[in-house]
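Quick look at protein24.cif (mmCIF, C-alpha atoms):
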data_structure
#
loop_
_atom_site.label_atom_id
_atom_site.label_comp_id
_atom_site.auth_asym_id
_atom_site.auth_seq_id
_atom_site.Cartn_x
_atom_site.Cartn_y
_atom_site.Cartn_z
CA MET A 12 3.05 5.02 41.37
CA LYS A 13 1.81 4.17 37.87
CA VAL A 14 2.38 5.32 34.29
CA ASP A 15 -0.36 7.55 32.85
CA VAL A 16 -0.92 7.17 29.12
CA VAL A 17 -1.95 9.70 26.47
CA LEU A 18 -2.77 8.38 23.02
CA GLY A 19 -4.75 9.18 19.88
CA LEU A 20 -8.16 7.64 19.25
CA GLN A 21 -8.48 8.30 15.53
CA TRP A 22 -6.12 7.96 12.54
CA GLY A 23 -3.41 10.12 14.07
CA ASP A 24 -2.94 13.91 13.92
CA GLU A 25 -5.26 14.37 16.89
CA GLY A 26 -3.02 16.90 18.64
CA LYS A 27 -1.05 14.69 21.01
CA GLY A 28 2.02 16.92 20.94
CA LYS A 29 0.17 19.96 22.27
CA ILE A 30 -1.55 18.02 25.05
CA VAL A 31 1.59 16.17 26.19
CA ASP A 32 3.40 19.52 26.28
CA VAL A 33 0.59 20.97 28.42
CA LEU A 34 0.37 17.98 30.75
CA ALA A 35 4.17 17.61 31.05
CA LYS A 36 4.15 20.50 33.49
CA GLY A 37 2.92 18.01 36.08
CA TYR A 38 5.20 15.10 35.12
CA PRO A 39 8.95 14.88 35.76
CA VAL A 40 9.17 12.10 33.13
CA VAL A 41 7.67 11.82 29.63
CA ALA A 42 8.26 8.60 27.66
CA ARG A 43 7.53 7.92 23.98
CA PHE A 44 6.65 4.24 23.51
CA GLN A 45 6.23 3.47 19.77
CA GLY A 46 6.42 4.72 16.21
CA GLY A 47 9.15 6.64 14.48
CA PRO A 48 9.74 9.88 12.58
CA ASN A 49 6.43 9.41 10.75
CA ALA A 50 4.98 11.21 13.78
CA GLY A 51 4.57 14.98 13.61
CA HIS A 52 3.69 16.37 17.03
CA SER A 53 3.11 20.13 16.73
CA LEU A 54 3.70 22.44 19.70
CA HIS A 55 2.80 26.15 19.90
CA PHE A 56 3.81 28.45 22.73
CA GLU A 57 5.33 31.92 23.27
CA ASP A 58 4.79 32.71 19.56
CA LYS A 59 6.99 29.77 18.58
CA GLN A 60 6.14 26.57 16.74
CA PHE A 61 7.95 23.24 16.77
CA VAL A 62 7.22 19.89 15.12
CA LEU A 63 8.62 16.85 16.95
CA HIS A 64 9.11 13.56 15.11
CA THR A 65 11.05 11.34 17.51
CA ILE A 66 11.66 13.36 20.65
CA PRO A 67 8.97 13.21 23.39
CA SER A 68 6.82 16.34 23.67
CA GLY A 69 7.99 17.16 27.20
CA VAL A 70 11.41 18.29 26.01
CA PHE A 71 10.57 21.99 26.37
CA ARG A 72 9.69 21.61 30.05
CA LYS A 73 12.64 22.39 32.32
CA GLY A 74 13.37 19.54 34.72
CA THR A 75 11.49 16.94 32.67
CA LEU A 76 13.32 13.76 31.61
CA ASN A 77 12.26 12.59 28.15
CA ILE A 78 12.73 8.89 27.43
CA ILE A 79 12.68 7.38 23.95
CA GLY A 80 11.51 3.84 24.62
CA ASN A 81 12.50 0.52 23.11
CA GLY A 82 9.30 0.44 21.01
CA VAL A 83 10.42 3.47 18.99
CA VAL A 84 12.41 3.23 15.75
CA ILE A 85 14.98 6.00 15.22
CA ASP A 86 16.41 7.53 12.06
CA PRO A 87 19.71 9.04 13.32
CA ILE A 88 19.72 11.71 10.61
CA ILE A 89 16.22 12.97 11.39
CA PHE A 90 16.90 12.72 15.11
CA LYS A 91 20.08 14.81 14.80
CA GLU A 92 18.32 17.47 12.70
CA GLU A 93 15.48 17.63 15.20
CA CYS A 94 17.86 18.02 18.15
CA ILE A 95 19.88 20.77 16.46
CA GLN A 96 16.71 22.73 15.72
CA ILE A 97 15.56 22.46 19.34
CA GLU A 98 19.04 23.31 20.66
CA SER A 99 19.00 26.50 18.58
CA SER A 100 16.09 27.70 20.75
CA GLY A 101 18.19 27.28 23.89
CA VAL A 102 16.96 23.86 25.03
CA PRO A 103 19.73 21.54 26.35
CA VAL A 104 18.46 18.40 24.63
CA LYS A 105 21.28 16.10 25.74
CA GLU A 106 20.46 16.88 29.36
CA ARG A 107 16.77 16.14 28.91
CA ILE A 108 16.77 13.01 26.74
CA ALA A 109 17.53 9.36 27.48
CA ILE A 110 17.34 6.70 24.76
CA SER A 111 16.67 3.01 25.26
CA LYS A 112 19.47 0.83 23.95
CA LYS A 113 16.79 -1.56 22.70
CA ALA A 114 15.21 0.98 20.31
CA HIS A 115 15.81 -0.05 16.69
CA LEU A 116 17.67 1.98 14.08
CA ILE A 117 16.29 2.98 10.67
CA LEU A 118 19.02 2.46 8.05
CA PRO A 119 19.20 4.37 4.74
CA SER A 120 18.46 1.05 3.01
CA HIS A 121 15.24 0.72 5.03
CA ARG A 122 14.02 3.90 3.35
CA VAL A 123 14.88 2.49 -0.07
CA ILE A 124 12.94 -0.71 0.67
CA ASP A 125 9.98 1.36 1.86
CA ALA A 126 9.93 3.39 -1.37
CA ALA A 127 10.41 0.34 -3.60
CA SER A 128 7.71 -1.64 -1.84
CA GLU A 129 5.20 1.22 -1.96
CA ALA A 130 5.91 1.90 -5.64
CA SER A 131 5.33 -1.77 -6.49
CA LYS A 132 1.81 -1.69 -5.01
CA GLY A 133 0.49 0.78 -7.56
CA ALA A 134 -3.13 1.73 -6.87
CA SER A 135 -3.25 -0.48 -3.77
CA LYS A 136 -0.46 1.37 -1.94
CA ILE A 137 -1.08 2.00 1.76
CA GLY A 138 0.09 5.62 1.91
CA SER A 139 3.42 5.09 3.66
CA THR A 140 5.37 8.18 4.78
CA LEU A 141 8.42 6.51 3.14
CA LYS A 142 10.54 6.99 6.26
CA GLY A 143 11.65 3.34 6.34
CA ILE A 144 9.59 2.58 9.43
CA GLY A 145 7.72 -0.49 8.17
CA PRO A 146 10.88 -2.24 6.90
CA THR A 147 12.63 -1.45 10.21
CA TYR A 148 9.86 -3.11 12.20
CA MET A 149 10.03 -6.05 9.75
CA ASP A 150 13.71 -6.46 10.56
CA LYS A 151 12.92 -6.16 14.25
CA THR A 152 10.39 -9.01 14.21
CA GLY A 153 12.54 -10.93 11.73
CA ARG A 154 15.44 -10.70 14.21
CA ASN A 155 17.74 -8.95 11.76
CA GLY A 156 17.63 -5.39 13.10
CA LEU A 157 20.25 -3.08 14.54
CA ARG A 158 19.53 -1.44 17.90
CA VAL A 159 20.80 1.73 19.49
CA GLY A 160 22.96 -0.24 21.91
CA ASP A 161 24.73 -1.88 18.98
CA ILE A 162 26.40 1.41 18.02
CA LEU A 163 28.69 0.99 21.03
CA ALA A 164 30.00 -2.39 19.76
CA ASP A 165 33.48 -2.58 18.21
CA ASN A 166 32.10 -4.41 15.18
CA PHE A 167 29.12 -2.11 14.60
CA LEU A 168 30.22 -1.14 11.08
CA GLU A 169 30.48 -4.83 10.19
CA ARG A 170 26.95 -5.46 11.48
CA PHE A 171 25.71 -2.44 9.52
CA ASN A 172 27.24 -3.69 6.26
CA THR A 173 25.85 -7.19 6.82
CA LEU A 174 22.31 -5.86 7.14
CA LYS A 175 22.78 -3.52 4.17
CA THR A 176 23.88 -6.50 2.05
CA LYS A 177 20.70 -8.36 3.06
CA HIS A 178 18.67 -5.36 1.99
CA ILE A 179 20.39 -5.21 -1.41
CA SER A 180 19.50 -8.85 -1.95
CA PHE A 181 15.90 -8.21 -0.92
CA LEU A 182 15.61 -5.26 -3.32
CA LYS A 183 16.36 -7.47 -6.34
CA GLN A 184 12.68 -8.46 -6.47
CA PHE A 185 11.67 -4.87 -7.29
CA ASP A 186 11.97 -3.00 -10.56
CA TYR A 187 13.28 0.08 -8.77
CA THR A 188 16.27 2.33 -9.36
CA TYR A 189 18.15 3.50 -6.28
CA ASP A 190 21.49 4.50 -4.81
CA ILE A 191 22.09 2.37 -1.72
CA ASN A 192 24.91 4.64 -0.52
CA GLU A 193 23.01 7.92 -0.96
CA ARG A 194 22.61 8.81 2.72
CA GLU A 195 25.20 6.51 4.25
CA ALA A 196 27.96 9.04 5.11
CA GLU A 197 25.42 11.41 6.68
CA TRP A 198 23.85 8.49 8.57
CA LEU A 199 27.18 7.36 10.03
CA GLU A 200 27.93 10.94 11.13
CA ALA A 201 24.55 11.01 12.87
CA ILE A 202 25.42 7.73 14.62
CA GLU A 203 28.42 9.47 16.17
CA TYR A 204 26.12 12.29 17.30
CA LEU A 205 23.77 9.71 18.84
CA LYS A 206 26.64 8.35 20.94
CA GLY A 207 26.70 11.65 22.83
CA PHE A 208 23.31 10.95 24.44
CA ASN A 209 22.43 9.04 27.57
CA LEU A 210 21.89 5.52 26.23
CA VAL A 211 20.08 3.48 28.86
CA ASP A 212 18.44 0.19 29.70
CA GLY A 213 15.04 1.81 29.46
CA GLU A 214 13.02 -0.84 31.28
CA TYR A 215 15.26 -0.63 34.34
CA LEU A 216 15.24 3.17 34.26
CA ILE A 217 11.45 3.49 34.06
CA ASN A 218 10.69 0.87 36.67
CA GLY A 219 13.29 2.43 38.94
CA LEU A 220 11.65 5.82 38.54
CA LEU A 221 8.30 4.27 39.44
CA THR A 222 9.87 2.84 42.59
CA GLU A 223 11.00 6.37 43.43
CA SER A 224 7.35 7.51 43.04
CA LYS A 225 8.11 9.64 39.98
CA ARG A 226 5.08 10.57 37.87
CA ILE A 227 5.51 9.27 34.31
CA LEU A 228 3.48 10.22 31.24
CA ALA A 229 3.63 7.80 28.30
CA GLU A 230 3.17 9.42 24.90
CA GLY A 231 1.82 7.51 21.93
CA ALA A 232 2.25 8.33 18.25
CA GLN A 233 -0.07 7.88 15.25
CA GLY A 234 -3.60 6.80 16.33
CA SER A 235 -5.48 3.78 17.63
CA LEU A 236 -7.24 3.23 14.28
CA LEU A 237 -3.79 2.73 12.71
CA ASP A 238 -2.81 -0.03 15.14
CA VAL A 239 -1.23 -3.00 13.39
CA ASP A 240 -3.72 -5.39 15.03
CA PHE A 241 -6.86 -3.33 15.58
CA GLY A 242 -6.64 -0.69 12.88
CA SER A 243 -8.03 -0.77 9.33
CA TYR A 244 -5.55 -3.42 8.17
CA PRO A 245 -3.59 -3.35 5.86
CA PHE A 246 -3.87 0.47 5.86
CA VAL A 247 -2.14 0.72 9.22
CA THR A 248 1.21 1.55 10.75
CA SER A 249 3.70 -1.14 11.79
CA SER A 250 3.54 -0.79 15.58
CA THR A 251 1.10 -1.13 18.46
CA THR A 252 -0.44 2.31 18.82
CA THR A 253 -2.90 1.28 21.55
CA CYS A 254 -2.40 1.34 25.32
CA ALA A 255 -0.88 -2.15 25.20
CA GLY A 256 2.03 -0.64 23.29
CA ALA A 257 3.02 1.36 26.36
CA CYS A 258 3.78 -1.91 28.14
CA THR A 259 5.80 -3.50 25.34
CA GLY A 260 7.33 -0.21 24.20
CA LEU A 261 8.64 0.82 27.62
CA GLY A 262 9.07 -2.43 29.53
CA ILE A 263 6.36 -1.99 32.16
CA SER A 264 3.75 -4.49 33.32
CA PRO A 265 0.01 -3.98 32.63
CA SER A 266 -0.52 -3.47 36.36
CA LYS A 267 1.65 -0.34 36.14
CA ILE A 268 -0.73 1.46 33.75
CA GLY A 269 -2.53 4.34 35.46
CA LEU A 270 -4.88 6.94 33.95
CA VAL A 271 -5.51 6.44 30.23
CA SER A 272 -6.43 9.64 28.36
CA GLY A 273 -7.69 9.47 24.79
CA ILE A 274 -7.35 12.39 22.39
CA PHE A 275 -9.77 13.02 19.52
CA LYS A 276 -10.60 15.86 17.18
CA ALA A 277 -14.09 17.37 17.13
CA TYR A 278 -14.16 15.99 13.57
CA CYS A 279 -12.07 13.33 11.77
CA THR A 280 -9.04 13.37 9.49
CA ARG A 281 -6.94 10.73 7.82
CA VAL A 282 -3.71 10.78 5.79
CA GLY A 283 -3.09 8.18 3.10
CA SER A 284 -5.25 5.30 1.92
CA GLY A 285 -7.80 3.27 3.84
CA PRO A 286 -11.46 3.38 4.89
CA PHE A 287 -12.97 6.61 6.14
CA PRO A 288 -16.77 6.23 6.50
CA THR A 289 -17.53 9.89 7.28
CA GLU A 290 -15.19 11.41 4.70
CA LEU A 291 -16.45 14.59 3.04
CA ASN A 292 -15.41 14.95 -0.58
CA ASP A 293 -17.22 18.24 -0.98
CA ALA A 294 -17.05 21.92 -0.07
CA THR A 295 -17.66 21.16 3.60
CA GLY A 296 -14.68 18.80 3.68
CA GLU A 297 -12.52 21.40 1.95
CA GLU A 298 -13.65 24.02 4.47
CA LEU A 299 -12.65 21.73 7.36
CA ARG A 300 -9.25 21.20 5.72
CA LYS A 301 -8.71 24.93 5.22
CA LEU A 302 -9.89 26.07 8.65
CA GLY A 303 -8.09 23.25 10.49
CA PHE A 304 -4.96 23.61 8.34
CA GLU A 305 -5.14 19.89 7.76
CA PHE A 306 -1.84 19.15 6.11
CA GLY A 307 0.59 16.54 7.44
CA ALA A 308 3.21 17.95 9.82
CA THR A 309 5.64 15.28 8.57
CA THR A 310 4.71 14.85 4.90
CA GLY A 311 2.84 18.07 4.07
CA ARG A 312 0.16 15.98 2.37
CA PRO A 313 -3.42 17.29 2.56
CA ARG A 314 -5.45 15.29 5.06
CA ARG A 315 -8.78 13.76 4.21
CA THR A 316 -11.52 15.28 6.36
CA GLY A 317 -14.96 14.26 7.64
CA TRP A 318 -17.46 14.38 10.47
CA LEU A 319 -16.83 12.81 13.86
CA ASP A 320 -17.36 9.03 13.82
CA LEU A 321 -18.70 7.81 17.17
CA ILE A 322 -18.63 4.14 16.14
CA ALA A 323 -14.88 4.35 15.55
CA LEU A 324 -14.37 6.51 18.65
CA LYS A 325 -16.20 4.07 20.94
CA TYR A 326 -14.19 1.21 19.46
CA ALA A 327 -10.89 2.98 20.26
CA ILE A 328 -12.11 3.78 23.78
CA MET A 329 -12.95 0.11 24.33
CA ILE A 330 -9.60 -1.20 23.04
CA ASN A 331 -7.60 1.25 25.15
CA GLY A 332 -9.62 1.34 28.36
CA VAL A 333 -9.89 5.14 28.09
CA GLU A 334 -10.96 6.86 31.31
CA GLN A 335 -11.03 10.46 30.15
CA LEU A 336 -11.34 12.19 26.79
CA ILE A 337 -9.49 15.21 25.44
CA MET A 338 -11.24 17.06 22.64
CA MET A 339 -9.08 18.93 20.14
CA LYS A 340 -9.67 21.55 17.42
CA SER A 341 -13.14 22.45 18.66
CA ASP A 342 -12.61 25.96 17.28
CA VAL A 343 -12.24 24.71 13.69
CA MET A 344 -16.02 24.24 13.47
CA ASP A 345 -16.92 27.66 14.89
CA THR A 346 -18.52 28.84 11.64
CA PHE A 347 -20.54 25.74 10.73
CA GLU A 348 -24.32 26.22 10.95
CA THR A 349 -24.82 22.45 11.21
CA VAL A 350 -22.50 19.82 12.70
CA LYS A 351 -23.00 16.11 12.07
CA VAL A 352 -21.90 13.04 14.02
CA ALA A 353 -22.00 9.43 12.79
CA VAL A 354 -23.93 7.35 15.36
CA GLY A 355 -24.23 4.14 13.36
CA TYR A 356 -23.32 2.36 10.12
CA LYS A 357 -25.26 0.64 7.37
CA VAL A 358 -23.30 -2.29 5.97
CA ASP A 359 -24.95 -4.35 3.21
CA GLY A 360 -28.22 -2.64 4.07
CA LYS A 361 -28.10 -3.64 7.74
CA GLU A 362 -27.61 -1.23 10.62
CA THR A 363 -24.72 -1.92 12.98
CA SER A 364 -22.83 -0.23 15.79
CA GLU A 365 -19.63 -2.17 15.12
CA ILE A 366 -16.73 -1.71 12.73
CA PRO A 367 -16.86 -4.52 10.14
CA PHE A 368 -13.93 -6.90 9.78
CA ASP A 369 -13.83 -6.34 6.03
CA THR A 370 -11.69 -3.26 5.49
CA PHE A 371 -13.16 -2.84 2.01
CA ALA A 372 -16.81 -3.07 3.07
CA GLU A 373 -19.17 -0.38 1.76
CA ILE A 374 -20.20 1.63 4.83
CA GLU A 375 -22.97 4.20 4.88
CA PRO A 376 -22.82 6.38 8.01
CA ILE A 377 -25.99 7.20 9.95
CA TYR A 378 -25.83 10.79 11.15
CA LYS A 379 -27.25 12.86 13.95
CA GLU A 380 -27.29 16.62 13.31
CA PHE A 381 -26.52 19.39 15.77
CA LYS A 382 -26.99 23.12 15.58
CA GLY A 383 -23.61 24.81 15.26
CA TRP A 384 -22.39 27.20 17.94
CA MET A 385 -21.45 29.96 15.46
CA ARG A 386 -19.12 31.64 17.91
CA ASP A 387 -15.34 32.14 18.17
CA LEU A 388 -14.04 29.73 20.82
CA THR A 389 -10.38 30.72 20.56
CA LYS A 390 -10.57 33.51 23.16
CA ILE A 391 -12.55 31.50 25.72
CA THR A 392 -10.63 30.52 28.86
CA GLU A 393 -13.33 29.14 31.16
CA GLU A 394 -15.81 26.32 30.74
CA SER A 395 -18.65 28.58 31.88
CA GLU A 396 -18.06 30.79 28.83
CA LEU A 397 -18.51 27.97 26.28
CA PRO A 398 -21.73 28.35 24.25
CA PHE A 399 -24.76 26.16 24.93
CA GLU A 400 -24.76 24.60 21.45
CA PHE A 401 -21.14 23.57 21.80
CA MET A 402 -21.68 22.04 25.25
CA ASN A 403 -24.72 20.21 23.87
CA TYR A 404 -22.35 18.61 21.34
CA VAL A 405 -19.82 17.73 24.07
CA ARG A 406 -22.42 16.24 26.41
CA PHE A 407 -23.82 14.08 23.61
CA ILE A 408 -20.34 12.64 23.01
CA GLU A 409 -19.99 11.96 26.75
CA LYS A 410 -23.38 10.26 26.89
CA GLU A 411 -22.72 8.06 23.86
CA THR A 412 -19.20 7.02 24.90
CA GLY A 413 -19.75 6.87 28.65
CA VAL A 414 -16.48 8.74 29.16
CA PRO A 415 -16.10 12.34 30.38
CA VAL A 416 -14.48 15.02 28.21
CA LYS A 417 -12.08 16.52 30.74
CA ILE A 418 -9.97 18.78 28.52
CA ILE A 419 -11.06 20.94 25.58
CA SER A 420 -8.62 22.61 23.20
CA VAL A 421 -9.84 25.84 21.60
CA GLY A 422 -6.71 26.72 19.63
CA PRO A 423 -3.17 25.56 18.83
CA ASP A 424 -1.37 27.46 21.60
CA ARG A 425 -0.43 25.87 24.91
CA ASP A 426 -2.62 28.41 26.74
CA GLN A 427 -5.72 27.72 24.62
CA THR A 428 -6.69 24.76 26.78
CA ILE A 429 -9.71 24.44 29.07
CA PHE A 430 -9.64 21.98 31.97
CA ARG A 431 -13.17 20.99 32.99
CA GLN A 432 -14.13 20.34 36.60
#
Structure rendered as structure tokens:
Amino acid sequence: MKVDVVLGLQWGDEGKGKIVDVLAKGYPVVARFQGGPNAGHSLHFEDKQFVLHTIPSGVFRKGTLNIIGNGVVIDPIIFKEECIQIESSGVPVKERIAISKKAHLILPSHRVIDAASEASKGASKIGSTLKGIGPTYMDKTGRNGLRVGDILADNFLERFNTLKTKHISFLKQFDYTYDINEREAEWLEAIEYLKGFNLVDGEYLINGLLTESKRILAEGAQGSLLDVDFGSYPFVTSSTTTCAGACTGLGISPSKIGLVSGIFKAYCTRVGSGPFPTELNDATGEELRKLGFEFGATTGRPRRTGWLDLIALKYAIMINGVEQLIMMKSDVMDTFETVKVAVGYKVDGKETSEIPFDTFAEIEPIYKEFKGWMRDLTKITEESELPFEFMNYVRFIEKETGVPVKIISVGPDRDQTIFRQ
């Protein structure tokens, strides 16, 4: 048995939460492998809506074990709030969640460092969600961090204060006013709440489940184009958002990776700073934002919008070894008479099919135009009912990428999902 992986192929916000929730019906185990509460995975079903930040998107499926892997960073306050909200809907979260002891903790002082660092960058800021995630990963790689398993140690409070003191010293370089103790009491209360969960050696648990032939679905956060190595650096997140992150974020070998599914929107969006070759700063872009309700589930910030970028999509497919595609928000473009797709770039006057190394390079997209389908897709339940113009668009994407589009989402609800034969 192997671990199947679902991850985003753009700059995040592709709709991973909905798809993991849909697919979780066939998996007894769902495991989140990286990122932190900067994620905002939206789920819609039975006239209810939930936004998950840390908890895997299989939590609403009865009988599904949801594992928070070692590659995730956890803010205990946000985690507690999220759990209480889900519990209020009748879901027994403590029965359905296991947390790796090796996952790192986001301290209140990490959030202060994040805010101070971002403020100091001025116009060159990267667009951080200010959740303290970057500084937490810095402490992880700098071998200073606190992990979930540490909360069980007798001297945990001493370790916490030692790290906080280091952070205070680090903050002296910034001209930034803050209260280091602002969230501390609430944070320590949330640590006690965290102790009530099943804290596990995640790598042993997952590999043991594989030995028992349990089907496992690994859930990524953010998107491949925000990967710390292969994204548009420095406008990236602080973790490995690609398929490789499932190995390091869960403790499984590369040989244990099974089916890799890549999720993309029928168009593109991005939150925060960084390159976006197909961005539309016009009425069409505003229409995409309005129809797609493109506002961050975590920050509420309006997302930048643009046409689908096949150069970037093919790059993400290559890096991840994607075997099947999942197309989201197809219905958002129902009313567009013309739909465009970027099939190449012009960089310094030369045509290319590759993303340039220089993040700040001037890129002119080369577009191919398609006739819009001009039909409401949200009520369609079978592939045979999808309009010709829409399927022409889908088949072009398949031809260009060499990867089949196996699932098409035609609305936010769990049931608005078409599985293609």
Looking at only C-alpha atoms, which of A:Asp32, A:Phe185, A:Glu400, A:Val271 is the one that sits closest to Lys132 (chain A)? A:Phe185
With the file shown as input, list the residues that the PyMOL selection byres ((chain A and resi 272-284) around 7) selects, as a VMD selection string. chain A and resid 16 to 22 25 27 137 to 138 246 270 to 271 285 314 to 319 333 to 341
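With the shown file loaded, the PyMOL selection byres ((chain A and resi 53) around 7) picks out Gly28, Lys29, Gly51, His52, Leu54, His55, Phe61, Val62 and Leu63 of chain A.
Residue nearest Ile162 (chain A), chosen from A:Asn77, A:Glu373, A:Ile202, A:Asp186 and counting only C-alpha atoms: A:Ile202.
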Which residues, named as in the file, does the PyMOL selection byres ((chain A and resi 203-209) around 8) pick out? Answer as a PyMOL selection string. chain A and resi 87+91+105+108-110+162-163+199-202+210-211
Requested write-out: C-alpha atoms of the selected residues, as a PDB file, in the coordinates of the input:
ATOM      1  CA  PRO A  87      19.710   9.040  13.320  1.00  0.00           C
ATOM      2  CA  LYS A  91      20.080  14.810  14.800  1.00  0.00           C
ATOM      3  CA  LYS A 105      21.280  16.100  25.740  1.00  0.00           C
ATOM      4  CA  ILE A 108      16.770  13.010  26.740  1.00  0.00           C
ATOM      5  CA  ALA A 109      17.530   9.360  27.480  1.00  0.00           C
ATOM      6  CA  ILE A 110      17.340   6.700  24.760  1.00  0.00           C
ATOM      7  CA  ILE A 162      26.400   1.410  18.020  1.00  0.00           C
ATOM      8  CA  LEU A 163      28.690   0.990  21.030  1.00  0.00           C
ATOM      9  CA  LEU A 199      27.180   7.360  10.030  1.00  0.00           C
ATOM     10  CA  GLU A 200      27.930  10.940  11.130  1.00  0.00           C
ATOM     11  CA  ALA A 201      24.550  11.010  12.870  1.00  0.00           C
ATOM     12  CA  ILE A 202      25.420   7.730  14.620  1.00  0.00           C
ATOM     13  CA  LEU A 210      21.890   5.520  26.230  1.00  0.00           C
ATOM     14  CA  VAL A 211      20.080   3.480  28.860  1.00  0.00           C
TER      15      VAL A 211
END
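With only C-alpha atoms as the atoms that count, the residue of A:Val416, A:Val343, A:Ile429, A:Leu116 with the shortest distance to Asp387 (chain A) is A:Val343.
Here CA of Gly269 (chain A) is placed at a distance of 24.9 Å from CA of Arg406 (chain A).
Between CA of Ile88 (chain A) and CA of Leu168 (chain A) the interatomic distance comes to 16.6 Å.
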Write out as a list in words the residues lying within 12 Å of Ala164 (chain A), counting only C-alpha atoms and excluding same-chain residues fewer than 6 positions away. Lys112, Leu157, Arg158, Arg170, Phe171 and Lys206 of chain A
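For Gly413 (chain A), the set of protein, DNA and RNA residues having any atom at most 9 Å away, when counting only C-alpha atoms and skipping those fewer than 4 positions along the same chain, is Lys325, Ile408 and Glu409 of chain A.
In this comparison, which uses only C-alpha atoms, the residue of A:Asp240, A:Glu394, A:Glu106, A:Asp293 approaching Lys417 (chain A) most closely is A:Glu394.
Every protein or nucleic acid residue with an atom no more than 10 Å from Asp238 (chain A), counting only C-alpha atoms and leaving out same-chain residues fewer than 4 positions away, appears here: Trp22, Gln233, Gly234, Gly242, Ser243, Tyr244, Pro245, Phe246, Val247, Thr248, Ser249, Ser250, Thr251, Thr252, Thr253 and Gly256 of chain A.
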Using only the atoms of region 115-129 of chain A listed in the file, plus 3 Å on each side, state the axis-aligned box centre and edge lengths in Å rounded to one decimal, as JSON.
{"center_x": 12.2, "center_y": 1.4, "center_z": 6.5, "size_x": 20.0, "size_y": 12.0, "size_z": 26.3}
